[in-house]
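Heads up, the thing below is written out as C-alpha cells.
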Amino acid sequence: MEQENRQNKIMEFSLLENQLKQIEQQIILLDQQISKQQNLMQTLDEFKKTGENSEIFLPFSDELFVKAKLLDNKNLLINVGGNTFVKKDIDGVKKTIQKQIDKLMSVRKELSLEIDKILQGMLRIEKEIKG
C-alpha cells in the first residue's frame with residue numbers, strides 16, 4: 001500500500017474513532033435520561049400511596065425543601081413544552097413518561113446500530129492497512 005493511501009486510511013480510521021467516541025457519549029447521556037424517567041415512574045407509584053392531607057416536603061431548590069400539605073394525590077400538572085402545563089391523573093402521566101422512555105430507547109437502538117457500522121468500517125480499514 002502506497003504511503004499516501006496508507007495515510008488516508010489512518011486518517012479515516014481516526015475520524016471513525018472520534019465518531020465512535022461521540023456516539024458512546026450520546027448513549028451514556030441517553031442511558032442517564034432513561035434511568036431518570038424510570039425512577040420517576042417508581043416515584044409516581046409511591047406517590048399514589050400517599051394519602052390526601054399528608055404532610056410532605058417539596059423541593060424549593062436543590063438544597064432547600066418546604067413542608068406542605070397534599071391536597072390532591074390523584075392529579076398532577078405535567079409540562080408538555082413551552083411552559084404549558086396540562087392536568088393529568090397519575091396513570092396519564094405514567095403513559096406520557098413511558099412514551100418518552102420508548103422514544104429514548106428507540107434513539108439508543110439507532111445509535112447502537114450506528115456504532116456497529118462504525119466498528120465494521122474500522123475493522124475494514126484496519127485490515128486494509130495491515131493488508
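Each chain of the C-alpha cells is named A, B, ... in the order shown, its residues numbered from 1; ligands are numbered from 1 in display order.
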Requested in this report: Please provide the set of residues having any atom within 7 Å of range 68-79 of chain A, restricted to only C-alpha atoms, with same-chain residues fewer than 6 positions apart removed, written as an MDAnalysis selection string.
Outcome: chainID A and resid 48 50:58 85:90
Output file for the residues above (C-alpha atoms, as an mmCIF file, in the first residue's frame):
data_model
loop_
_atom_site.group_PDB
_atom_site.id
_atom_site.type_symbol
_atom_site.label_atom_id
_atom_site.label_comp_id
_atom_site.auth_asym_id
_atom_site.auth_seq_id
_atom_site.Cartn_x
_atom_site.Cartn_y
_atom_site.Cartn_z
ATOM 1 C CA LYS A 48 -50.082 7.049 44.629
ATOM 2 C CA THR A 50 -49.565 8.960 49.772
ATOM 3 C CA GLY A 51 -52.873 9.978 51.290
ATOM 4 C CA GLU A 52 -54.563 13.328 50.857
ATOM 5 C CA ASN A 53 -53.809 15.850 53.619
ATOM 6 C CA SER A 54 -50.472 14.126 54.264
ATOM 7 C CA GLU A 55 -47.573 16.382 55.109
ATOM 8 C CA ILE A 56 -44.851 16.210 52.501
ATOM 9 C CA PHE A 57 -41.610 18.013 51.715
ATOM 10 C CA LEU A 58 -41.377 19.742 48.344
ATOM 11 C CA PHE A 85 -48.888 22.565 31.812
ATOM 12 C CA VAL A 86 -51.675 20.019 31.472
ATOM 13 C CA LYS A 87 -53.577 18.373 34.323
ATOM 14 C CA LYS A 88 -53.357 14.567 34.185
ATOM 15 C CA ASP A 89 -54.006 11.757 36.575
ATOM 16 C CA ILE A 90 -51.044 9.626 37.648
#
Query - 9 Å contact set for range 28-36 of chain A, only C-alpha atoms, chain neighbours under 3 positions out, as a ChimeraX atom specification - result: /A:23-25,39-41,100-102,104-105,107-108
**Report entry** Distance of CA of Gln26 in chain A from CA of Ser106 in chain A, expressed in Å to one decimal place
**Finding:** 13.1 Å
Requested in this report: List every residue of chain A that DSSP, applied to the backbone, labels as strand (DSSP E), and write the result as a ChimeraX atom specification.
Outcome: /A:55-59,65-69,75-79,85-89
So that I have them on file, write out the residues from the current selection with N, CA and C atoms, as a short mmCIF file (atom, residue, chain, number, x, y, z; two decimals), in the first residue's frame.
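The result, stored in again-v5.cif:
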data_model
loop_
_atom_site.label_atom_id
_atom_site.label_comp_id
_atom_site.auth_asym_id
_atom_site.auth_seq_id
_atom_site.Cartn_x
_atom_site.Cartn_y
_atom_site.Cartn_z
N GLU A 55 -48.62 15.37 55.17
CA GLU A 55 -47.57 16.38 55.11
C GLU A 55 -46.41 15.81 54.30
N ILE A 56 -45.95 16.63 53.36
CA ILE A 56 -44.85 16.21 52.50
C ILE A 56 -43.83 17.33 52.42
N PHE A 57 -42.65 17.01 51.94
CA PHE A 57 -41.61 18.01 51.71
C PHE A 57 -41.43 18.18 50.22
N LEU A 58 -41.54 19.42 49.76
CA LEU A 58 -41.38 19.74 48.34
C LEU A 58 -40.06 20.47 48.14
N PRO A 59 -39.35 20.12 47.07
CA PRO A 59 -38.09 20.83 46.81
C PRO A 59 -38.35 22.27 46.41
N PHE A 65 -36.02 22.60 51.11
CA PHE A 65 -37.34 21.97 50.99
C PHE A 65 -38.34 22.74 51.84
N VAL A 66 -39.59 22.66 51.44
CA VAL A 66 -40.65 23.31 52.18
C VAL A 66 -41.67 22.24 52.56
N LYS A 67 -42.18 22.33 53.78
CA LYS A 67 -43.20 21.40 54.24
C LYS A 67 -44.55 21.86 53.69
N ALA A 68 -45.33 20.90 53.17
CA ALA A 68 -46.61 21.25 52.56
C ALA A 68 -47.63 20.16 52.87
N LYS A 69 -48.88 20.49 52.64
CA LYS A 69 -49.96 19.52 52.83
C LYS A 69 -50.48 19.13 51.45
N ASN A 75 -54.10 13.86 40.87
CA ASN A 75 -53.83 14.65 39.66
C ASN A 75 -52.52 15.40 39.79
N LEU A 76 -51.86 15.52 38.66
CA LEU A 76 -50.59 16.24 38.58
C LEU A 76 -50.64 17.20 37.41
N LEU A 77 -49.74 18.16 37.41
CA LEU A 77 -49.56 19.04 36.27
C LEU A 77 -48.28 18.61 35.57
N ILE A 78 -48.37 18.37 34.27
CA ILE A 78 -47.20 17.94 33.51
C ILE A 78 -46.88 18.99 32.45
N ASN A 79 -45.59 19.31 32.37
CA ASN A 79 -45.12 20.29 31.39
C ASN A 79 -45.06 19.60 30.03
N PHE A 85 -48.63 23.66 30.89
CA PHE A 85 -48.89 22.56 31.81
C PHE A 85 -50.29 22.03 31.59
N VAL A 86 -50.40 20.69 31.66
CA VAL A 86 -51.68 20.02 31.47
C VAL A 86 -51.94 19.17 32.70
N LYS A 87 -53.18 19.18 33.17
CA LYS A 87 -53.58 18.37 34.32
C LYS A 87 -53.83 16.95 33.85
N LYS A 88 -53.16 15.98 34.51
CA LYS A 88 -53.36 14.57 34.19
C LYS A 88 -53.37 13.76 35.48
N ASP A 89 -54.08 12.65 35.43
CA ASP A 89 -54.01 11.76 36.57
C ASP A 89 -52.68 10.99 36.51
#
Query - Neighbour list for Glu2 in chain A as a VMD selection string, cut-off 12 Å, only C-alpha atoms, skip fewer than 3 positions in-chain - result: chain A and resid 5 to 9 128 to 129 131
Query raised in the report: If you measure from CA of Glu114 in chain A to CA of Gln98 in chain A, what distance in Å do you get, rounded to one decimal?
Result: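 Between these atoms lies a distance of 24.3 Å.
CA of Asp91 in chain A is found 12.4 Å from CA of Thr43 in chain A.
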Requested in this report: Determine which residues of chain A receive a DSSP assignment of alpha helix (DSSP H), computed from the backbone, and state them as a ChimeraX atom specification.
Outcome: /A:3-48,90-130
